[in-house]
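Trainee: The structure under discussion is supplied below as structure tokens; questions concerning it will follow.
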Amino acid sequence: MGFLDIRNVTKSYGNVEVLHHVDITVEESEFLVLVGPSGCGKSTLLNMIAGLEAISSGEIAIKGRVVNNVHASKRNIAMVFQSYALYPNMTVGQNMTFGLEMHGVPKPERERALADVAKLLQIDHLVDRKPGQLSGGQRQRVAMGRALVRNPDVFLFDEPLSNLDAKLRVDMRTEIKKLHQKLRTTIVYVTHDQIEAMTLSTRIAVMNKGYVQQLGTPKEIYDTPANIFVATFMGSPAMNILPARVVVEGGRPHARIADAEGVARLLPFSQANLAGWEGREILLGIRPEAITDPEGADRKSANIVPLTNRVSVTEPAGSDTYVTMTLSGKDVIARMRADASVEPGQVFDFAVNMEKAVAFDPQTEERIKA
Amino acid sequence: MAAVAQDTAVSTGRVTRVFIYLVLLLFALFYLLPLYVMGINSVKPLSEITGGNMMALPQVWTLAPWASAWSTAQIGVEPTGLKPYFLNSILMVVPAVAISSIVGALNGYILTKWRFRGDTWVFGLMLFSCFIPFQIVLIPMAVVLGKLGLAGSVPGLILVHVVYGIGFTTLYFRNYYAAFPTELIRAAQIDGAGFFRIFWRILLPVSGPIAVVSVIWQFTNIWNDFLFGASFGGTSQPMTVALNNLVQSSTGVKEYNVHFAGAILAALPTLFVYIVAGRYFVRGLMAGSVKG
Amino acid sequence: MAASSAVDFRTRLQDWLPKLVLAPSFAVTLLFVYGFILFTIFLSFTGSKMLPRFTWVGFENYEKLWALPAWHTAIVNIAIFASLYIVICTAIGLMLAIFLDQKIRGEGMLRPIYLYPMALSFIVTGTAWKWFLDPGIGLQHVMRQWGWESFTFTWIKDSDMAIYTIVLAAVWQTSGFVMAMFLAGLRGIDNEILKAAQIDGASNWQLYRRIVIPLLRPAFLSAFVILSHLAIKSYDLVVALTGGGPGRATEMPATFMYSYTFTRNQMGIGASSAVIMLMTIAAIMVPYLYAELKEKK
């Protein structure tokens with residue numbers, strides 16, 4: 001039994017099931033991120049944990065207490081909303097202590113809690129202002145402060161950074177991470193931004209169409225995606241997926257692909273146990289950063305394979321240069337060092353790190369497990 | 001392009017503009033004329049009206065018509081002036097406006113923030129009731145008021161106006177609260193606030209503008225109502241009915257100046273509201289027309 | 001572990017509270033609006049005279065109603081009144097709104113002047129216009145005093161023309177409001193659309209006819225709905241301005257219903273006329289409200 005248990009939970013509206021048999025156990029001090037495209041059911045799941053939406057079947061338990069029928073205010077949770085949901089008519093201080101007041105906490109105690117949290121978040125100079133007078137980042141802090149003051153068992157975050165501009169979003173991300181490392185609170189965090197998911201979480205649940213596609217640490221999710229959806233959703237630019245045929249040469253499985261001119265190329269797999277797949281079609285997954293210029297290749301990798309191919313487009317992005325080429329009839333993106341000299345139309349020598357390559361079953365789209 | 005600096009894209013020539021100003025001024029005169037005629041003739045002796053020119057300024061200024069309209073003019077059979085009826089109207093309007101606005105606020109809150117299956121139907125049925133021709137309810141209303149012992153009384157009129165006013169007040173508050181983020185309600189729920197506490201502490205403090213709209217609309221409508229007042233007023237007739245009785249009385253000399261003074265008296269409260277809070281008055285009219 | 005399977009009392013109360021609070025309003029609406037409508041419909045099929053009587057007479061009241069010359073007058077009058085009132089109000093309202101939207105100096109002064117009649121009751125409006133149009137002291141009298149001896153304006157005393165005085169007074173009262181509706185619509189149009197049309201070479205006239213007026217469609221619809229419902233309900237204005245006269249020349253369904261029910265003691269016929277009024281308004285309002293509410297969902 002974990003700190004927060006989601007056991008076989010489903011959600012239906014009428015006859016339509018929007019969330020199917022979700023099972024997740026969250027341990028104390030864990031930072032779980034629910035990530036997925038809009039409509040995947042992540043916010044619904046969060047609202048069910050919060051008690052804002054009824055659970056159609058299954059159970060949710062916090063610290064071993066089943067909370068299916070417990071009102072939101074009695075679950076000892078706190079929530080940070082996308083729009084911050086600050087009460088416009090109250091000052092920052094009143095906003096932050098409203099929950100304590102509703103729970104009958106005496107005033108001196110409320111004041112003390114407010115002072116502590118305001119100091120922690122560096123908003124002590126704002127407590128007498130109204131939300132309307134605050135900047136986006138300040139509102140965000142107040143919304144977090146309101147949650148912190150409650151000292152809840154579980155913090156719920158519903159896309160808290162999506163209303164901030166790009167720079168502020170990165171700053172606040174770091175801030176949240178610092179806060180979590182300092183306070184060791186248990187957090188469930190919903191986002192559609194895979195970078196937020198990767199950077200913040202201790203574990204990620206990737207969701208799509210009401211199913212949890214994969215639950216694991218950021219590294220597991222990134223390196224060994226369970227299926228093509230997870231592989232392409234996590235990571236930017238997305239993982240390249242191209243058709244390939246498995247051939248065995250020298251007792252080792254290779255992926256046979258075609259270069260831009262249609263000439264067959266062989267890329268040896270590192271460890272994948274693909275014996276049963278000999279002669280069959282698979283989908284080969286290679287992340288852009290696994291295709292580089294030879295100088296930029298990972299020196300720790302034991303399986304760097306040279307690949308010569310024609311460049312179709314180059315996109316210098318400052319820190320890196322992205323190169324598009326054609327492999328097996330698909331556009332494939334490679335990531336070069338910024339100063340790699342590569343021109344469109346040029347035939348270039350790439351280095352492919354096949355240690356990082358994954359193979360998918362084209363029928364089920366599941367990863368072929370090594 | 002000559003009109004680059006203008007922020008409206010339409011530019012007009014000089015001749016057109018003169019024409020436009022002319023038309024706009026003519027219509028301003030058209031709208032002001034009756035008010036001018038009423039005002040100017042309410043401070044003239046009667047002889048100046050019948051013998052003189054309606055448009056001319058008075059040669060002798062007098063407030064006697066106003067005094068007469070207020071306290072001595074013959075209304076129906078009693079020479080009471082409009083004063084008691086003005087009081088009736090006040091006694092009727094104040095509670096009716098207050099009750100219907102409060103109920104409308106609660107209804108709007110429920111219909112937007114505590115939605116349930118079929119809530120749109122409930123709202124639709126309440127909304128349609130704003131638009132029925134009230135002739136369709138006159139007969140049963142008379143029967144019911146009689147049965148309740150409220151016929152011809154101020155409480156009876158209050159009941160009628162509340163019943164047929166909550167459709168509009170509900171509409172106002174519903175549209176206003178619909179724009180209020182539902183996440184705030186959820187945050188308050190997690191904070192532990194219940195149904196009434198959320199309304200009282202979170203929604204009501206930001207409802208000022210729409211409350212003003214609702215109060216003004218209800219005030220204007222109820223003050224100006226004639227049909228219900230004439231049908232169910234009995235001995236507690238409101239101002240509009242009394243004014244009509246004053247003007248239509250067929251006995252004696254027609255005291256036009258008194259009639260005009262009476263008409264202005266009947267119009268004063270709503271005109272006052274319009275002048276003080278015209279912005280809200282217009283907004284109420286709009287909200288009542290562009291539903292949704 | 002103690003699994004609290006039963007919903008606690010407070011939570012359950014919270015679930016029911018909204019419906020409990022809404023219930024009285026809804027019940028009152030059902031009874032006083034829809035119950036009363038049913039009752040009136042029922043009465044229209046009975047032989048009620050001065051008091052409600054429950055003797056079923058079928059469609060007799062409706063047959064009688066449609067045979068009455070007074071009802072015919074009322075129907076013709078409402079047709080004339082409603083169509084003129086709606087068309088003229090819309091035309092004036094649209095024109096004033098477009099003119100006011102030309103960066104007019106003094107717009108802030110003019111707008112309230114156009115709108116204030118809406119704050120007055122129909123009774124006050126009727127009283128004002130009654131005397132203004134009265135040949136003995138009003139416009140005709142003034143014109144003759146100013147030297148136009150042959151000027152004649154006796155519409156309010158003329159059975160054929162009196163209905164138009166009601167149109168005049170009603171237009172005076174409501175056209176400013178229609179102006180405000182159109183003005184709001186105009187102000188809501190994206191200026192970039194207008195700029196694009198000008199760059200495309202549209203003249204002012206073409207701009208309004210081809211771009212702006214079509215974009216005002218929702219405002220036209222709202223104006224039509226509001227004006228038609230005001231027109232059919234018009235009772236006070238007729239009472240104050242002409243009292244239904246001269247003779248019965250300006251009888252309208254609203255005044256007809258009132259006099260047959262309460263002064264002529266023909267409650268059954270009065271009820272049947274009210275039912276016809278309701279059906280007319282419902283035919284306009286129900287589709288409109290249905291569309292508005294469905295969009296919102």
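Just remember, in the structure tokens the first chain shown is A, the second B, etc., residues are 1-based per chain, and ligands are 1-based in the order shown.
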Enumerate as a list of chain:residue names the residues belonging to chain B that approach chain C to within 6 Å, with only C-alpha atoms taken into account.

Mentor: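 On the chain B side, the interface is B:Ala9, B:Pro34, B:Asn53, B:Asn107, B:Ile110, B:Pro133, B:Gln135, B:Ile136, B:Val137, B:Pro140, B:Asn224, B:Ala263, B:Ala267, B:Thr270, B:Ser289, B:Gly292.
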
Trainee: Taking only C-alpha atoms into account, find every residue of chain B that has an atom no more than 7 Å from chain A, and write it out as a PyMOL selection string.

Mentor: chain B and resi 183-184+186-187+189-193+202+205-206

Trainee: Pick from C:Gly245, C:Gly58, C:Gly147, C:Gly268: nearest to C:Ala162, with only C-alpha atoms counted?

Mentor: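 When distances to C:Ala162 are compared using only C-alpha atoms, the smallest one comes from C:Gly245.
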
Trainee: Could you name the residues that touch C:Asn61 at 8 Å or less, counting only C-alpha atoms, but leaving out those on the same chain fewer than 6 positions away, as a compact mmCIF listing (two decimals) with N, CA and C atoms, in the first residue's frame?

Mentor:
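To be explicit, this is the file written out as part_10.txt:
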# COMPACT_ATOMS: atom_id res chain seq x y z
N SER C 44 -60.71 28.90 -21.82
CA SER C 44 -61.13 29.31 -23.16
C SER C 44 -62.06 28.28 -23.79
N PHE C 45 -62.13 27.11 -23.19
CA PHE C 45 -63.06 26.09 -23.68
C PHE C 45 -64.29 25.96 -22.80
N THR C 46 -64.48 26.94 -21.89
CA THR C 46 -65.64 26.87 -21.01
C THR C 46 -66.54 28.07 -21.25
N GLY C 47 -67.71 27.98 -20.68
CA GLY C 47 -68.67 29.08 -20.83
C GLY C 47 -68.54 30.11 -19.74
N GLY C 268 -64.73 33.67 -21.10
CA GLY C 268 -64.35 32.61 -22.03
C GLY C 268 -63.74 33.18 -23.30
N ILE C 269 -64.36 34.22 -23.84
CA ILE C 269 -63.85 34.84 -25.06
C ILE C 269 -62.54 35.55 -24.77
N SER C 272 -59.85 33.03 -24.64
CA SER C 272 -59.45 32.51 -25.95
C SER C 272 -58.60 33.54 -26.70

Trainee: Please report as a list of chain:residue names which residues of chain A come no farther than 7 Å from chain C, using only C-alpha atoms.

Mentor: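 Here they are: A:Gly64, A:Arg65, A:Val66, A:Asn69, A:Val70, A:His71.
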
Trainee: Using only C-alpha atoms, find the one residue out of B:Trp223, B:Trp217, B:Gln248, B:Phe180 that sits nearest to B:Arg279.

Mentor: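 Going through B:Trp223, B:Trp217, B:Gln248, B:Phe180 one by one, the smallest distance to B:Arg279 is for B:Trp217.
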
Trainee: In Å, rounded to a single decimal, give me how far atom CA of A:Arg203 is from atom CA of A:Glu27.

Mentor: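 The value is 10.3 Å.
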
Trainee: Can you list every residue in stretch 86-202 of chain A that DSSP puts in strand (DSSP E or B), as JSON, numbers by chain?

Mentor: {"A": [154, 155, 156, 157, 158, 186, 187, 188, 189, 190, 191]}

Trainee: Taking the DSSP secondary structure from the backbone, can you list the residues of stretch 66-278 of chain B that are alpha helix (DSSP H), as a PyMOL selection string?

Mentor: chain B and resi 66-67+83-113+119-128+135-148+154-163+166-178+182-190+195-197+208-224+227-232+239-248+256-278

Trainee: Go ahead and write the selection's residues with C-alpha atoms as a short mmCIF file (atom, residue, chain, number, x, y, z; two decimals), in the first residue's frame.

Mentor:
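Heads up, here's the output in part_5.cif:
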data_model
loop_
_atom_site.label_atom_id
_atom_site.label_comp_id
_atom_site.auth_asym_id
_atom_site.auth_seq_id
_atom_site.Cartn_x
_atom_site.Cartn_y
_atom_site.Cartn_z
CA TRP B 66 -47.24 70.46 -9.27
CA ALA B 67 -48.72 71.04 -5.85
CA LYS B 83 -49.09 61.35 -3.16
CA PRO B 84 -50.70 58.19 -1.70
CA TYR B 85 -50.18 56.35 -4.96
CA PHE B 86 -46.57 57.37 -5.11
CA LEU B 87 -46.25 55.83 -1.67
CA ASN B 88 -48.02 52.66 -2.85
CA SER B 89 -45.54 52.37 -5.68
CA ILE B 90 -42.59 52.75 -3.33
CA LEU B 91 -43.98 50.18 -0.90
CA MET B 92 -44.49 47.78 -3.76
CA VAL B 93 -41.28 48.39 -5.70
CA VAL B 94 -38.71 48.18 -2.92
CA PRO B 95 -39.53 44.69 -1.60
CA ALA B 96 -40.33 43.33 -5.05
CA VAL B 97 -36.97 44.49 -6.43
CA ALA B 98 -35.04 43.22 -3.43
CA ILE B 99 -36.66 39.79 -3.35
CA SER B 100 -36.52 39.15 -7.08
CA SER B 101 -32.87 40.23 -7.28
CA ILE B 102 -31.76 38.04 -4.39
CA VAL B 103 -33.64 35.04 -5.74
CA GLY B 104 -32.26 35.71 -9.22
CA ALA B 105 -28.71 35.84 -7.86
CA LEU B 106 -29.10 32.48 -6.14
CA ASN B 107 -30.70 30.95 -9.21
CA GLY B 108 -27.96 32.25 -11.48
CA TYR B 109 -25.34 30.87 -9.10
CA ILE B 110 -26.94 27.44 -9.09
CA LEU B 111 -27.56 27.31 -12.82
CA THR B 112 -23.94 28.06 -13.63
CA LYS B 113 -21.89 26.63 -10.77
CA ASP B 119 -30.62 22.62 -15.82
CA THR B 120 -30.87 24.22 -19.24
CA TRP B 121 -34.49 23.17 -19.41
CA VAL B 122 -35.21 24.65 -16.02
CA PHE B 123 -33.60 27.89 -17.13
CA GLY B 124 -35.38 27.83 -20.49
CA LEU B 125 -38.76 27.48 -18.80
CA MET B 126 -37.97 30.34 -16.43
CA LEU B 127 -36.69 32.48 -19.27
CA PHE B 128 -39.72 31.97 -21.47
CA GLN B 135 -52.94 38.59 -20.44
CA ILE B 136 -52.61 34.81 -20.37
CA VAL B 137 -52.17 34.78 -16.58
CA LEU B 138 -54.51 37.61 -15.62
CA ILE B 139 -57.59 35.51 -14.96
CA PRO B 140 -56.02 32.74 -12.86
CA MET B 141 -53.88 35.32 -11.05
CA ALA B 142 -57.02 37.22 -10.07
CA VAL B 143 -58.53 33.98 -8.78
CA VAL B 144 -55.42 32.98 -6.83
CA LEU B 145 -54.89 36.43 -5.32
CA GLY B 146 -58.51 36.39 -4.25
CA LYS B 147 -58.10 32.97 -2.64
CA LEU B 148 -54.93 34.08 -0.85
CA VAL B 154 -49.56 45.85 -1.91
CA PRO B 155 -48.33 42.38 -0.86
CA GLY B 156 -50.38 40.93 -3.73
CA LEU B 157 -48.65 43.21 -6.21
CA ILE B 158 -45.26 42.36 -4.69
CA LEU B 159 -45.98 38.67 -5.19
CA VAL B 160 -47.01 39.21 -8.81
CA HIS B 161 -43.94 41.26 -9.63
CA VAL B 162 -41.57 38.84 -7.94
CA VAL B 163 -43.09 35.86 -9.73
CA ILE B 166 -37.32 36.26 -11.44
CA GLY B 167 -36.98 35.10 -15.04
CA PHE B 168 -35.12 38.27 -15.93
CA THR B 169 -33.05 38.50 -12.75
CA THR B 170 -32.06 34.86 -13.14
CA LEU B 171 -31.03 35.58 -16.72
CA TYR B 172 -28.83 38.49 -15.66
CA PHE B 173 -27.05 36.68 -12.88
CA ARG B 174 -26.72 33.47 -14.86
CA ASN B 175 -25.00 35.23 -17.76
CA TYR B 176 -22.78 37.13 -15.38
CA TYR B 177 -21.77 34.14 -13.31
CA ALA B 178 -21.21 32.04 -16.43
CA THR B 182 -15.50 27.67 -12.24
CA GLU B 183 -12.00 26.85 -11.00
CA LEU B 184 -12.57 29.44 -8.27
CA ILE B 185 -15.56 27.49 -7.04
CA ARG B 186 -13.50 24.33 -7.04
CA ALA B 187 -10.69 26.01 -5.15
CA ALA B 188 -13.19 27.19 -2.56
CA GLN B 189 -14.64 23.69 -2.29
CA ILE B 190 -11.20 22.27 -1.61
CA PHE B 195 -22.77 26.15 -0.95
CA PHE B 196 -23.82 29.31 0.86
CA ARG B 197 -20.32 30.24 2.00
CA GLY B 208 -21.78 44.55 -7.78
CA PRO B 209 -22.19 45.52 -11.43
CA ILE B 210 -24.79 42.91 -12.27
CA ALA B 211 -26.68 43.56 -9.05
CA VAL B 212 -26.97 47.20 -10.10
CA VAL B 213 -28.22 46.14 -13.53
CA SER B 214 -30.75 43.79 -12.02
CA VAL B 215 -32.01 46.31 -9.48
CA ILE B 216 -32.36 49.06 -12.08
CA TRP B 217 -34.14 46.82 -14.55
CA GLN B 218 -36.55 45.51 -11.96
CA PHE B 219 -37.12 48.95 -10.53
CA THR B 220 -37.91 50.45 -13.92
CA ASN B 221 -40.14 47.60 -14.98
CA ILE B 222 -42.12 47.38 -11.78
CA TRP B 223 -42.44 51.12 -11.35
CA ASN B 224 -43.63 51.48 -14.92
CA LEU B 227 -51.34 46.08 -16.46
CA PHE B 228 -50.83 44.33 -13.12
CA GLY B 229 -51.43 47.54 -11.22
CA ALA B 230 -54.70 48.16 -13.00
CA SER B 231 -55.80 44.54 -12.69
CA PHE B 232 -54.80 43.75 -9.12
CA MET B 239 -48.55 55.55 -9.61
CA THR B 240 -49.10 54.60 -13.26
CA VAL B 241 -52.73 53.67 -12.70
CA ALA B 242 -53.36 56.82 -10.71
CA LEU B 243 -51.80 58.96 -13.42
CA ASN B 244 -54.01 57.34 -16.02
CA ASN B 245 -57.06 57.96 -13.86
CA LEU B 246 -56.04 61.58 -13.44
CA VAL B 247 -55.54 62.11 -17.15
CA GLN B 248 -58.57 60.19 -18.34
CA TYR B 256 -53.51 69.98 -18.70
CA ASN B 257 -50.85 71.60 -16.58
CA VAL B 258 -51.71 69.31 -13.67
CA HIS B 259 -51.66 66.30 -15.98
CA PHE B 260 -48.20 67.21 -17.21
CA ALA B 261 -46.93 67.74 -13.69
CA GLY B 262 -48.39 64.39 -12.73
CA ALA B 263 -46.79 62.67 -15.70
CA ILE B 264 -43.39 64.06 -14.76
CA LEU B 265 -43.93 63.01 -11.16
CA ALA B 266 -44.66 59.49 -12.34
CA ALA B 267 -41.57 59.53 -14.55
CA LEU B 268 -39.20 61.14 -12.06
CA PRO B 269 -37.94 58.06 -10.21
CA THR B 270 -37.06 56.14 -13.34
CA LEU B 271 -35.67 59.23 -15.05
CA PHE B 272 -33.56 59.87 -11.99
CA VAL B 273 -32.23 56.32 -12.08
CA TYR B 274 -31.55 56.67 -15.79
CA ILE B 275 -29.60 59.88 -15.32
CA VAL B 276 -27.61 58.59 -12.36
CA ALA B 277 -26.91 55.09 -13.66
CA GLY B 278 -27.67 55.20 -17.37
#

Trainee: Find the distance between atom CA of C:Gly188 and atom CA of C:Phe220 and write it in Å to one decimal.

Mentor: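 Straight-line distance from atom CA of C:Gly188 to atom CA of C:Phe220 works out to 14.1 Å.
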
Trainee: Would you mind reading off the distance between atom CA of A:Ile49 and atom CA of A:Val9, one decimal, in Å?

Mentor: 10.3 Å

Trainee: Using only C-alpha atoms, which residues sit within 12 Å of A:Thr321 once same-chain residues fewer than 5 positions away are excluded, as an MDAnalysis selection string?

Mentor: chainID A and resid 237 288:289 291:293 296 313:316 333:343

Trainee: Include N, CA and C atoms and write out the residues we just selected as a short mmCIF file (atom, residue, chain, number, x, y, z; two decimals), in the first residue's frame.

Mentor:
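Result file again.cif:
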data_model
loop_
_atom_site.label_atom_id
_atom_site.label_comp_id
_atom_site.auth_asym_id
_atom_site.auth_seq_id
_atom_site.Cartn_x
_atom_site.Cartn_y
_atom_site.Cartn_z
N PRO A 237 12.93 17.32 -30.80
CA PRO A 237 11.95 16.78 -31.75
C PRO A 237 11.63 15.32 -31.45
N PRO A 288 16.53 11.82 -32.40
CA PRO A 288 17.37 12.72 -33.20
C PRO A 288 18.79 12.82 -32.66
N GLU A 289 18.94 12.86 -31.31
CA GLU A 289 20.29 13.04 -30.77
C GLU A 289 21.15 11.79 -30.93
N ILE A 291 21.52 10.43 -33.88
CA ILE A 291 22.09 10.56 -35.23
C ILE A 291 22.85 11.88 -35.24
N THR A 292 24.17 11.81 -35.34
CA THR A 292 24.98 13.03 -35.20
C THR A 292 26.03 13.09 -36.30
N ASP A 293 26.79 14.19 -36.26
CA ASP A 293 28.01 14.23 -37.04
C ASP A 293 29.03 13.35 -36.29
N GLY A 296 30.39 14.52 -33.03
CA GLY A 296 29.44 14.71 -31.94
C GLY A 296 28.92 13.40 -31.37
N VAL A 313 17.38 19.30 -45.60
CA VAL A 313 17.17 20.62 -45.00
C VAL A 313 18.07 20.74 -43.77
N THR A 314 18.61 21.93 -43.52
CA THR A 314 19.31 22.16 -42.25
C THR A 314 18.62 23.29 -41.51
N GLU A 315 18.49 23.12 -40.18
CA GLU A 315 17.86 24.15 -39.35
C GLU A 315 18.77 24.49 -38.18
N PRO A 316 19.58 25.53 -38.30
CA PRO A 316 20.43 25.90 -37.16
C PRO A 316 19.56 26.45 -36.04
N ILE A 333 15.00 13.27 -38.63
CA ILE A 333 15.71 14.43 -38.10
C ILE A 333 16.92 13.96 -37.31
N ALA A 334 18.05 14.64 -37.57
CA ALA A 334 19.28 14.33 -36.85
C ALA A 334 19.74 15.57 -36.14
N ARG A 335 20.45 15.40 -34.99
CA ARG A 335 20.90 16.57 -34.25
C ARG A 335 22.43 16.67 -34.32
N MET A 336 22.92 17.73 -34.95
CA MET A 336 24.36 17.96 -35.09
C MET A 336 24.81 18.94 -34.02
N ARG A 337 26.14 18.96 -33.78
CA ARG A 337 26.67 20.07 -32.99
C ARG A 337 26.40 21.35 -33.77
N ALA A 338 26.36 22.49 -33.04
CA ALA A 338 25.99 23.74 -33.70
C ALA A 338 26.92 24.10 -34.84
N ASP A 339 28.24 23.82 -34.66
CA ASP A 339 29.18 24.26 -35.69
C ASP A 339 29.55 23.15 -36.67
N ALA A 340 28.81 22.09 -36.70
CA ALA A 340 29.05 21.06 -37.72
C ALA A 340 28.79 21.69 -39.08
N SER A 341 29.72 21.52 -40.04
CA SER A 341 29.53 22.17 -41.34
C SER A 341 28.74 21.23 -42.24
N VAL A 342 27.47 21.51 -42.36
CA VAL A 342 26.60 20.66 -43.16
C VAL A 342 25.69 21.55 -43.97
N GLU A 343 25.56 21.24 -45.28
CA GLU A 343 24.79 22.07 -46.19
C GLU A 343 23.67 21.24 -46.80
#

Trainee: Tell me, as a VMD selection string, which residues lie within 10 Å of B:Trp61, counting only C-alpha atoms; anything in the same chain fewer than 6 positions away does not count.

Mentor: chain B and resid 40 to 45

Trainee: Name all residues at most 12 Å from A:Asp128 (count only C-alpha atoms; drop same-chain ones fewer than 2 positions away) and give them as an MDAnalysis selection string.

Mentor: chainID A and resid 89:96 114 118 123:126 130:134 142

Trainee: The selected residues should be written to file as a PDB file, in the first residue's frame (atoms: C-alpha atoms).

Mentor:
ATOM      1  CA  ASN A  89     -12.208  40.111  -3.860  1.00  0.00           C
ATOM      2  CA  MET A  90      -9.710  38.989  -1.223  1.00  0.00           C
ATOM      3  CA  THR A  91      -6.159  40.069  -0.533  1.00  0.00           C
ATOM      4  CA  VAL A  92      -3.283  37.679  -1.054  1.00  0.00           C
ATOM      5  CA  GLY A  93      -3.212  36.964   2.657  1.00  0.00           C
ATOM      6  CA  GLN A  94      -6.953  36.285   2.804  1.00  0.00           C
ATOM      7  CA  ASN A  95      -6.674  34.091  -0.256  1.00  0.00           C
ATOM      8  CA  MET A  96      -3.969  32.003   1.318  1.00  0.00           C
ATOM      9  CA  LEU A 114       0.782  32.673   6.358  1.00  0.00           C
ATOM     10  CA  ALA A 118       4.903  33.926   2.397  1.00  0.00           C
ATOM     11  CA  ILE A 123       5.816  36.990  -1.376  1.00  0.00           C
ATOM     12  CA  ASP A 124       5.717  38.501   2.122  1.00  0.00           C
ATOM     13  CA  HIS A 125       5.594  42.004   0.641  1.00  0.00           C
ATOM     14  CA  LEU A 126       2.473  41.138  -1.351  1.00  0.00           C
ATOM     15  CA  LYS A 130      -5.393  42.035  -4.359  1.00  0.00           C
ATOM     16  CA  PRO A 131      -4.746  39.394  -7.035  1.00  0.00           C
ATOM     17  CA  GLY A 132      -5.619  41.924  -9.730  1.00  0.00           C
ATOM     18  CA  GLN A 133      -2.515  43.938  -8.822  1.00  0.00           C
ATOM     19  CA  LEU A 134      -0.113  41.021  -9.250  1.00  0.00           C
ATOM     20  CA  VAL A 142       0.276  32.963  -4.338  1.00  0.00           C
TER      21      VAL A 142
END
